[in-house]
Structure formats: C-alpha cells, structure tokens
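Only one structure is covered here, and it is reproduced in the block below.
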Amino acid sequence: MTIIVTGGAGFIGSNFIFHMLQKYPQYRIVCVDKLTYAGNLSTLAPVMEEPNFRFVKLDICDKAGVQQVFEEEHPDIVVNFAAESHVDRSIEDPDIFLQTNILGTATLMNACRKYGIRRYHQVSTDEVYGDLPLDRPDLFFTENTPLHTSSPYSSSKAGADLLVLAYHRTYGLPVTISRCSNNYGPYHFPEKLIPLMIVNALHDKPLPVYGKGENVRDWLYVEDHCKAIDLIIHKGREGEVYNVGGHNEMRNIDIVKLICKELGKPESLITFVADRKGHDMRYAIDPTKIHAELGWLPETKFADGIKKTIRWYLDNRTWWETIISGEYRDYYEKMYGNR
Ligand code: NAD
Ligand code: TYD
C-alpha cells in the first residue's frame, strides 16, 4: 500500500504521517509538500531516513510535478492535507487560498483520474458550515448542514469539497471527505490560538484575544483526528462526508485563562484586541455518523490534551524558537540542498 500525504510537513499532516508509519510499518508513505511558511521539514526529521518514507518538495498545483510523482509511486490512496489554513491570512490575501485549496485539489484529483486510485481523501473543515449562534447550544453541524461560509479560507475549503463531490458523481472518482473541528497538539504552528498563547505567555508578551473572547470552538486532540482519517480511508464509504469532533466546546477566553494558569502566568497578560472581520461565533460538530458507521470516538479529553500540549511546547522549545527566528526556513537547503 502506497499513500501520498500532501501537506505532511504541516501540523496535522505530520502527526498523521507519524501515526501511519507507526501503525502500518508495511505501508509506503510519500509526503508531498511545497514547504510554505507553514511547512517545517525539521518536523519530519525523525522519519526522513526511513526506507518506506519519501519526501517530495512540490506544489500540489504543479500539474507536471504531481503527475511525475504518480508515475513514480503508483499510489493506492491520496490524503490531501495541503492547504493554506489560517483564517486571518485569508482575510489579508485570499488569492493563494483559492490557488492551493481549490486548484491544488483539482490538480491532485485530475492525476487520480489519469492514473487510477483506490481512494482520494479530502481533509476538510467544519468551517464550511459557517457558524452557530451562542444562544442555541442545542444546535450542531451534521453532514447535511448547508454550506454557509464566512471567510475566504472557509469558502475555498467549501469550493474544494464541492469539487471533490462533483468528481465522484461525474467521473466516479472514489472519494471521501472529513470535516473536522479545531485541532490542537504537538507541531501546531504558533500563529494559531493555542500555540500562539503558549509561546507569548512563555515570553511574558501580551495575549491578544479577539473581541470579547466569547467565540466558541470545538477542540479535538490532533491524534484523534488522525485516527478518524485512518478509519475513513480504510473503512469509510465512497462519496461520503464524515464530520469529526469530540463535543469539546470552549470559549477562547477560557482557553487563554487556562493556559495562563497552567504556565503560572498572570491573566493581566490578556489583551482584548479588535475583532476578526466576519468572526464565526460558534462551531460544534455532531459526530454521530462516524461513531455509528466506523466506531470512532475521541480518546483524549481536553483537560489531559491541553496539559500534554503545553508540556510538548515546554519540552520542544527549539522547534518553535526556530520558527519564530525564521531559521526553520533554511532547513531544507541545509539538509537537502546538495542531495
Ligand atoms: P498547516 O498550515 O499547519 O499545514 C499546511 C501544510 O500544507 C504545510 O506543510 C504547507 O507547506 C503545505 N502546503 C501549503 N500549500 C501547499 C501547496 N500548494 N502544495 C503543497 N503543499 C502545500 O495546516 P494544518 O492545520 O495541518 O491543516 C491541514 C489540513 O487540515 C488543511 O487542509 C486544513 O484545512 C484542515 N483542517 C485543519 C484544522 C485545524 O484545526 N488546524 C481543522 C480542520 C481541518
Ligand atoms: P484560530 O486558531 O485561528 O482557528 P480558527 O479561526 O480556524 O477557528 O483561532 C481560534 C479562535 O481564537 C478564533 O475564534 C479566533 C481566536 N483568536 C484570538 O482570539 N486571538 C488570536 O491571536 C488568534 C490567532 C485567534
């Protein structure tokens, strides 16, 4: 079994590669990643020399490059994590989101059509459903909730989802889609809420909370997401969408206060700043389908996961310090420039 994992030098993709290599030592994993600002090849250093692992530095929008990898590797499965993933960046500059998230998805699926594939899996997000009101805690996103996006990021992900479903219906491509809630855990790029707050708190820098901090996200430990994708690519039904989330709703402000408490830092570091434009109020996933069909349940409780995550950032300072200094961007040239 050969699996192409795109975006594997990022947060969730790298965790997925570690999970798969450990669980299926007989599989071949080929990571395709452009190494944008969000890709950090040093994350993959522990597996770089494994005989059943290959890293290819490549843009998923590069048609010829993608086809070459298919010709060389004959993949059975493609799991597409590669994306521009940060909402705030999409508000500043939407173009690259449309390019990578929509056209990149099309490029991958066109190669799947040309060479044949057992499964194309699209890693999507609960953000395609838009948001829920704070005063209706009884409402959750199901797979049938209409797409209703707020940001250029979520719109580009929704566009890709529609394209994936169209390739299934029109060409019979064997696809699945997972729509997961907010992830947290090791290797999370320190521009996102949880790692940003941990890193700023460790530097005694202000903790910028958007608006009043009342927005709610449904947090899932990254390993649980990886296990859900593992189940879907092996046992999920073709043409189906699976929501992934663990009923773990938290207000932003409560997360930031918890991080202060765990790190022994004063809440006076919290600074309320201008709200994000079009800021979604609440995300909440109904994971009934993936539980009923595939037996998936989250294993890590938030109280434990956040402690593990904070511990990881304390124990792996070099990982995020080289990101903040920008040094991580030289890693590829240094390690692989002459190979
Ligand atoms: P990330 O930003 O940490 O990583 C993205 C990776 O994709 C990076 O390694 C980057 O170099 C690579 N990449 C970007 N553009 C590329 C291109 N054109 N060609 C090849 N590689 C490219 O993102 P993440 O948080 O790991 O998210 C991974 C996927 O999961 C995304 O599709 C995202 O929409 C989805 N998702 C994320 C979350 C979350 O909470 N982080 C939740 C649900 C779904
Ligand atoms: P983020 O981690 O960017 O994920 P997403 O927008 O995809 O949910 O943000 C999580 C929440 O935290 C979101 O409501 C925005 C908020 N937020 C802040 O309040 N301050 C920050 O500095 C960041 C990055 C996010």
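How things are named: the first chain in the structure tokens is A, the next is B, and so on; residues count from 1 in each chain; ligands count from 1 in the order shown.
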
Name each residue within 8 Å of ligand 2, counting only C-alpha atoms and all ligand atoms, as an NGL selection string.
:A and (85-88 or 127 or 182 or 191-194 or 196-197 or 207-211 or 213 or 215-217 or 252-253 or 275-276 or 279-281)

For segment 76-78 of chain A, list every protein, DNA or RNA residue within 7 Å, evaluated using only C-alpha atoms, and leave out those in the same chain fewer than 6 positions away; present the list as a PDB file with C-alpha atoms, in the first residue's frame.
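Printed below is around10.pdb as written:
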```pdb
ATOM      1  CA  MET A   1       0.000   0.000   0.000  1.00  0.00           C
ATOM      2  CA  THR A   2       1.407   3.386  -1.037  1.00  0.00           C
ATOM      3  CA  ILE A   3      -0.157   6.549   0.347  1.00  0.00           C
ATOM      4  CA  ILE A   4       0.582  10.073  -0.859  1.00  0.00           C
ATOM      5  CA  VAL A   5       0.140  12.510   2.018  1.00  0.00           C
ATOM      6  CA  ILE A 117      -6.678   5.449  -7.390  1.00  0.00           C
ATOM      7  CA  ARG A 118      -8.336   3.346  -4.701  1.00  0.00           C
ATOM      8  CA  ARG A 119      -9.243   6.362  -2.595  1.00  0.00           C
ATOM      9  CA  TYR A 120      -8.842  10.130  -2.712  1.00  0.00           C
ATOM     10  CA  HIS A 121      -9.430  11.632   0.739  1.00  0.00           C
TER      11      HIS A 121
END
```

What parts of segment 207-318 of chain A does DSSP call strand (DSSP E)? I'd like the answer as a PyMOL selection string.
chain A and resi 207-210+216-218+220-221+240-244+249-251+270-273

Let me make sure I understand: among A:Asp230, A:Leu139, A:Gly104, A:Gly116, which one has the smallest atom-to-atom distance to Gly65 of chain A if we use only C-alpha atoms?
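Under the stated criterion, the closest residue is A:Gly104.
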
Compile a residue-level contact table for chain A against ligand 1 at a cut-off of 8 Å, reporting for every qualifying residue the shortest atom pair and its distance in Å to one decimal, with only C-alpha atoms and all ligand atoms counted, rows ordered by chain and ascending number, as a tab-separated table.
```
residue	atom	partner	partner_atom_place_in_ligand_line	distance
A:Thr6	CA	ligand 1	21 (N)	6.0
A:Gly7	CA	ligand 1	7 (O)	3.4
A:Gly8	CA	ligand 1	9 (O)	5.5
A:Ala9	CA	ligand 1	9 (O)	3.9
A:Gly10	CA	ligand 1	9 (O)	3.3
A:Phe11	CA	ligand 1	26 (O)	3.6
A:Ile12	CA	ligand 1	26 (O)	3.7
A:Gly13	CA	ligand 1	26 (O)	5.4
A:Ser14	CA	ligand 1	26 (O)	7.5
A:Val32	CA	ligand 1	20 (C)	6.1
A:Asp33	CA	ligand 1	21 (N)	3.7
A:Lys34	CA	ligand 1	20 (C)	3.9
A:Leu35	CA	ligand 1	11 (O)	3.6
A:Thr36	CA	ligand 1	11 (O)	3.9
A:Tyr37	CA	ligand 1	11 (O)	6.3
A:Ala38	CA	ligand 1	8 (C)	4.6
A:Gly39	CA	ligand 1	9 (O)	3.2
A:Asn40	CA	ligand 1	9 (O)	6.4
A:Lys57	CA	ligand 1	20 (C)	7.7
A:Leu58	CA	ligand 1	20 (C)	5.7
A:Asp59	CA	ligand 1	19 (N)	3.5
A:Ile60	CA	ligand 1	19 (N)	4.0
A:Cys61	CA	ligand 1	18 (N)	5.8
A:Asn80	CA	ligand 1	32 (O)	6.9
A:Phe81	CA	ligand 1	29 (C)	4.1
A:Ala82	CA	ligand 1	7 (O)	3.6
A:Ala83	CA	ligand 1	14 (C)	4.4
A:Glu84	CA	ligand 1	14 (C)	5.2
A:Ser85	CA	ligand 1	2 (O)	4.7
A:His86	CA	ligand 1	2 (O)	6.7
A:Gln99	CA	ligand 1	18 (N)	7.5
A:Thr100	CA	ligand 1	18 (N)	4.5
A:Asn101	CA	ligand 1	32 (O)	7.5
A:Gly104	CA	ligand 1	18 (N)	6.2
A:Gln122	CA	ligand 1	32 (O)	7.7
A:Val123	CA	ligand 1	32 (O)	5.2
A:Ser124	CA	ligand 1	44 (C)	5.0
A:Thr125	CA	ligand 1	44 (C)	4.0
A:Asp126	CA	ligand 1	43 (C)	6.5
A:Glu127	CA	ligand 1	43 (C)	7.8
A:Lys157	CA	ligand 1	34 (O)	6.6
A:Arg179	CA	ligand 1	43 (C)	6.3
A:Cys180	CA	ligand 1	43 (C)	4.4
A:Ser181	CA	ligand 1	42 (C)	5.1
A:Asn182	CA	ligand 1	40 (O)	3.6
A:Asn183	CA	ligand 1	40 (O)	3.8
A:Tyr184	CA	ligand 1	40 (O)	6.6
A:Tyr187	CA	ligand 1	3 (O)	7.9
A:His188	CA	ligand 1	3 (O)	6.3
A:Phe189	CA	ligand 1	3 (O)	5.8
```

Dump N, CA and C atoms for the selected residues as a short mmCIF file (atom, residue, chain, number, x, y, z; two decimals), in the first residue's frame?
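Saved result, selection_3.cif, follows:
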```cif
data_model
loop_
_atom_site.label_atom_id
_atom_site.label_comp_id
_atom_site.auth_asym_id
_atom_site.auth_seq_id
_atom_site.Cartn_x
_atom_site.Cartn_y
_atom_site.Cartn_z
N THR A 6 -0.30 14.75 1.20
CA THR A 6 0.11 16.12 0.85
C THR A 6 0.01 17.01 2.10
N GLY A 7 0.89 18.01 2.17
CA GLY A 7 0.87 18.91 3.33
C GLY A 7 1.38 18.23 4.60
N GLY A 8 2.21 17.21 4.43
CA GLY A 8 2.69 16.42 5.57
C GLY A 8 3.77 17.09 6.40
N ALA A 9 4.25 18.27 5.96
CA ALA A 9 5.23 18.99 6.79
C ALA A 9 4.52 20.02 7.67
N GLY A 10 3.18 20.03 7.61
CA GLY A 10 2.41 20.93 8.46
C GLY A 10 1.95 20.23 9.74
N PHE A 11 1.06 20.88 10.43
CA PHE A 11 0.64 20.42 11.77
C PHE A 11 -0.04 19.04 11.73
N ILE A 12 -1.19 18.95 11.09
CA ILE A 12 -1.95 17.69 11.18
C ILE A 12 -1.32 16.62 10.29
N GLY A 13 -0.84 17.04 9.11
CA GLY A 13 -0.23 16.08 8.18
C GLY A 13 0.97 15.37 8.80
N SER A 14 1.80 16.09 9.54
CA SER A 14 2.98 15.44 10.14
C SER A 14 2.54 14.46 11.23
N VAL A 32 4.13 14.86 0.02
CA VAL A 32 4.30 15.93 -1.00
C VAL A 32 3.98 17.25 -0.31
N ASP A 33 4.95 18.15 -0.26
CA ASP A 33 4.71 19.42 0.44
C ASP A 33 5.54 20.52 -0.23
N LYS A 34 4.92 21.67 -0.40
CA LYS A 34 5.60 22.81 -1.03
C LYS A 34 6.55 23.51 -0.06
N LEU A 35 6.41 23.23 1.23
CA LEU A 35 7.15 23.93 2.28
C LEU A 35 6.89 25.44 2.19
N THR A 36 5.65 25.81 2.37
CA THR A 36 5.31 27.23 2.52
C THR A 36 5.79 27.65 3.91
N TYR A 37 5.45 28.86 4.32
CA TYR A 37 5.83 29.31 5.66
C TYR A 37 5.33 28.32 6.73
N ALA A 38 4.23 27.59 6.43
CA ALA A 38 3.61 26.70 7.43
C ALA A 38 4.24 25.31 7.44
N GLY A 39 5.07 25.02 6.45
CA GLY A 39 5.68 23.70 6.38
C GLY A 39 7.05 23.73 7.03
N ASN A 40 7.32 22.77 7.88
CA ASN A 40 8.59 22.75 8.60
C ASN A 40 9.18 21.35 8.45
N LYS A 57 9.49 17.73 -2.36
CA LYS A 57 9.15 19.16 -2.24
C LYS A 57 8.45 19.58 -3.52
N LEU A 58 7.15 19.83 -3.42
CA LEU A 58 6.36 20.06 -4.63
C LEU A 58 5.07 20.80 -4.29
N ASP A 59 4.70 21.71 -5.19
CA ASP A 59 3.42 22.43 -5.08
C ASP A 59 2.32 21.53 -5.66
N ILE A 60 1.23 21.34 -4.94
CA ILE A 60 0.17 20.47 -5.47
C ILE A 60 -0.51 21.09 -6.70
N CYS A 61 -0.23 22.36 -6.98
CA CYS A 61 -0.78 22.98 -8.20
C CYS A 61 0.09 22.71 -9.42
N ASN A 80 -5.26 14.41 1.14
CA ASN A 80 -4.87 15.80 0.87
C ASN A 80 -5.06 16.71 2.08
N PHE A 81 -3.93 16.97 2.77
CA PHE A 81 -3.91 17.94 3.87
C PHE A 81 -3.43 19.31 3.37
N ALA A 82 -2.77 19.33 2.21
CA ALA A 82 -2.11 20.57 1.77
C ALA A 82 -3.12 21.68 1.59
N ALA A 83 -2.88 22.78 2.28
CA ALA A 83 -3.81 23.92 2.18
C ALA A 83 -3.16 25.13 2.82
N GLU A 84 -3.63 26.29 2.41
CA GLU A 84 -3.44 27.49 3.21
C GLU A 84 -4.51 27.40 4.28
N SER A 85 -4.11 27.53 5.55
CA SER A 85 -5.04 27.13 6.61
C SER A 85 -5.40 28.23 7.62
N HIS A 86 -4.84 29.44 7.46
CA HIS A 86 -5.07 30.42 8.53
C HIS A 86 -6.09 31.49 8.11
N GLN A 99 -5.97 29.44 -4.98
CA GLN A 99 -5.00 28.70 -5.79
C GLN A 99 -4.74 27.31 -5.18
N THR A 100 -4.24 27.28 -3.97
CA THR A 100 -3.86 25.99 -3.37
C THR A 100 -5.08 25.16 -3.01
N ASN A 101 -6.04 25.77 -2.33
CA ASN A 101 -7.11 24.96 -1.75
C ASN A 101 -8.08 24.44 -2.80
N GLY A 104 -5.37 23.37 -6.42
CA GLY A 104 -4.47 22.27 -6.00
C GLY A 104 -5.25 20.97 -5.84
N GLN A 122 -10.16 13.90 1.04
CA GLN A 122 -10.01 15.35 1.21
C GLN A 122 -10.18 15.71 2.69
N VAL A 123 -9.13 16.34 3.24
CA VAL A 123 -9.21 16.77 4.64
C VAL A 123 -9.84 18.16 4.66
N SER A 124 -11.08 18.21 5.07
CA SER A 124 -11.79 19.49 5.08
C SER A 124 -12.00 19.96 6.53
N THR A 125 -12.91 20.88 6.70
CA THR A 125 -13.05 21.54 8.00
C THR A 125 -14.52 21.82 8.31
N ASP A 126 -14.83 21.90 9.60
CA ASP A 126 -16.20 22.24 10.00
C ASP A 126 -16.53 23.69 9.63
N GLU A 127 -15.49 24.48 9.28
CA GLU A 127 -15.74 25.89 8.97
C GLU A 127 -16.58 26.06 7.69
N LYS A 157 -12.23 26.17 1.10
CA LYS A 157 -12.36 24.76 1.50
C LYS A 157 -13.70 24.20 1.05
N ARG A 179 -14.70 16.40 7.72
CA ARG A 179 -14.82 17.79 8.16
C ARG A 179 -14.64 17.82 9.67
N CYS A 180 -13.46 18.27 10.07
CA CYS A 180 -13.10 18.19 11.49
C CYS A 180 -13.16 19.56 12.13
N SER A 181 -13.35 19.55 13.44
CA SER A 181 -13.33 20.78 14.23
C SER A 181 -11.88 21.20 14.52
N ASN A 182 -11.69 22.25 15.30
CA ASN A 182 -10.34 22.77 15.59
C ASN A 182 -9.47 21.72 16.26
N ASN A 183 -8.29 21.52 15.72
CA ASN A 183 -7.31 20.59 16.31
C ASN A 183 -6.34 21.34 17.21
N TYR A 184 -5.75 20.63 18.16
CA TYR A 184 -4.63 21.17 18.93
C TYR A 184 -3.70 20.01 19.27
N TYR A 187 3.35 20.27 17.29
CA TYR A 187 3.69 20.77 15.94
C TYR A 187 2.65 21.73 15.37
N HIS A 188 1.84 22.34 16.23
CA HIS A 188 0.85 23.33 15.78
C HIS A 188 1.58 24.65 15.57
N PHE A 189 1.45 25.22 14.39
CA PHE A 189 2.20 26.43 14.03
C PHE A 189 1.80 27.60 14.94
#
```

Rank A:Glu249, A:Asn15, A:Lys334, A:Pro195 by their smallest atom-to-atom distance to Arg311 of chain A, using only C-alpha atoms, and report the top residue only.
A:Pro195

Shortest interatomic distance to Leu258 of chain A - which of A:Pro133, A:Trp319, A:Pro206, A:Ala303, counting only C-alpha atoms:
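Looking only at the distances to Leu258 of chain A, the closest residue turns out to be A:Ala303.
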
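Distances from A:Val164, A:Tyr221, A:Gly185, A:Ser268 to Glu240 of chain A were compared using only C-alpha atoms, and the smallest one belongs to A:Val164.
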
To one decimal place, how far is atom CA of Ile17 of chain A from atom CA of Ile324 of chain A in Å?
24.1 Å

Within 9 Å of Ala228 of chain A, counting only C-alpha atoms, which residues show up once you throw out same-chain ones fewer than 5 positions away? Write them as a JSON list (two decimals) with N, CA, C and O atoms, in the first residue's frame, please.
```json
[["chain", "number", "residue", "atom", "x", "y", "z"],
["A", 178, "SER", "N", -13.48, 14.39, 5.11],
["A", 178, "SER", "CA", -13.71, 14.54, 6.55],
["A", 178, "SER", "C", -13.76, 16.03, 6.87],
["A", 178, "SER", "O", -12.99, 16.81, 6.32],
["A", 223, "GLU", "N", -4.24, 13.73, 17.49],
["A", 223, "GLU", "CA", -4.13, 12.28, 17.29],
["A", 223, "GLU", "C", -5.50, 11.65, 17.01],
["A", 223, "GLU", "O", -5.62, 10.70, 16.24],
["A", 233, "ILE", "N", -10.23, 6.26, 5.52],
["A", 233, "ILE", "CA", -9.60, 5.81, 4.26],
["A", 233, "ILE", "C", -9.65, 4.28, 4.12],
["A", 233, "ILE", "O", -9.66, 3.77, 3.02],
["A", 244, "VAL", "N", -16.03, 15.16, 12.05],
["A", 244, "VAL", "CA", -15.16, 14.66, 13.12],
["A", 244, "VAL", "C", -15.06, 15.72, 14.20],
["A", 244, "VAL", "O", -14.64, 16.86, 13.93],
["A", 290, "ILE", "N", -19.84, 9.20, 12.11],
["A", 290, "ILE", "CA", -18.56, 8.47, 12.14],
["A", 290, "ILE", "C", -18.51, 7.50, 13.32],
["A", 290, "ILE", "O", -17.91, 6.42, 13.24],
["A", 294, "LEU", "N", -18.30, 3.87, 11.79],
["A", 294, "LEU", "CA", -16.90, 3.42, 11.85],
["A", 294, "LEU", "C", -16.41, 3.19, 13.27],
["A", 294, "LEU", "O", -15.26, 2.81, 13.48],
["A", 296, "TRP", "N", -15.74, 5.36, 15.56],
["A", 296, "TRP", "CA", -14.76, 6.34, 16.05],
["A", 296, "TRP", "C", -15.28, 7.10, 17.26],
["A", 296, "TRP", "O", -16.44, 7.50, 17.29],
["A", 297, "LEU", "N", -14.42, 7.25, 18.24],
["A", 297, "LEU", "CA", -14.71, 8.11, 19.39],
["A", 297, "LEU", "C", -13.42, 8.81, 19.78],
["A", 297, "LEU", "O", -12.34, 8.21, 19.68],
["A", 298, "PRO", "N", -13.49, 10.06, 20.21],
["A", 298, "PRO", "CA", -12.25, 10.71, 20.65],
["A", 298, "PRO", "C", -11.72, 10.05, 21.91],
["A", 298, "PRO", "O", -12.50, 9.61, 22.75]]
```

So which bits of segment 19-94 of chain A end up helix (DSSP H, G or I) when you DSSP the backbone, as an MDAnalysis selection string?
chainID A and resid 19:23 41:47 63:73 87:92
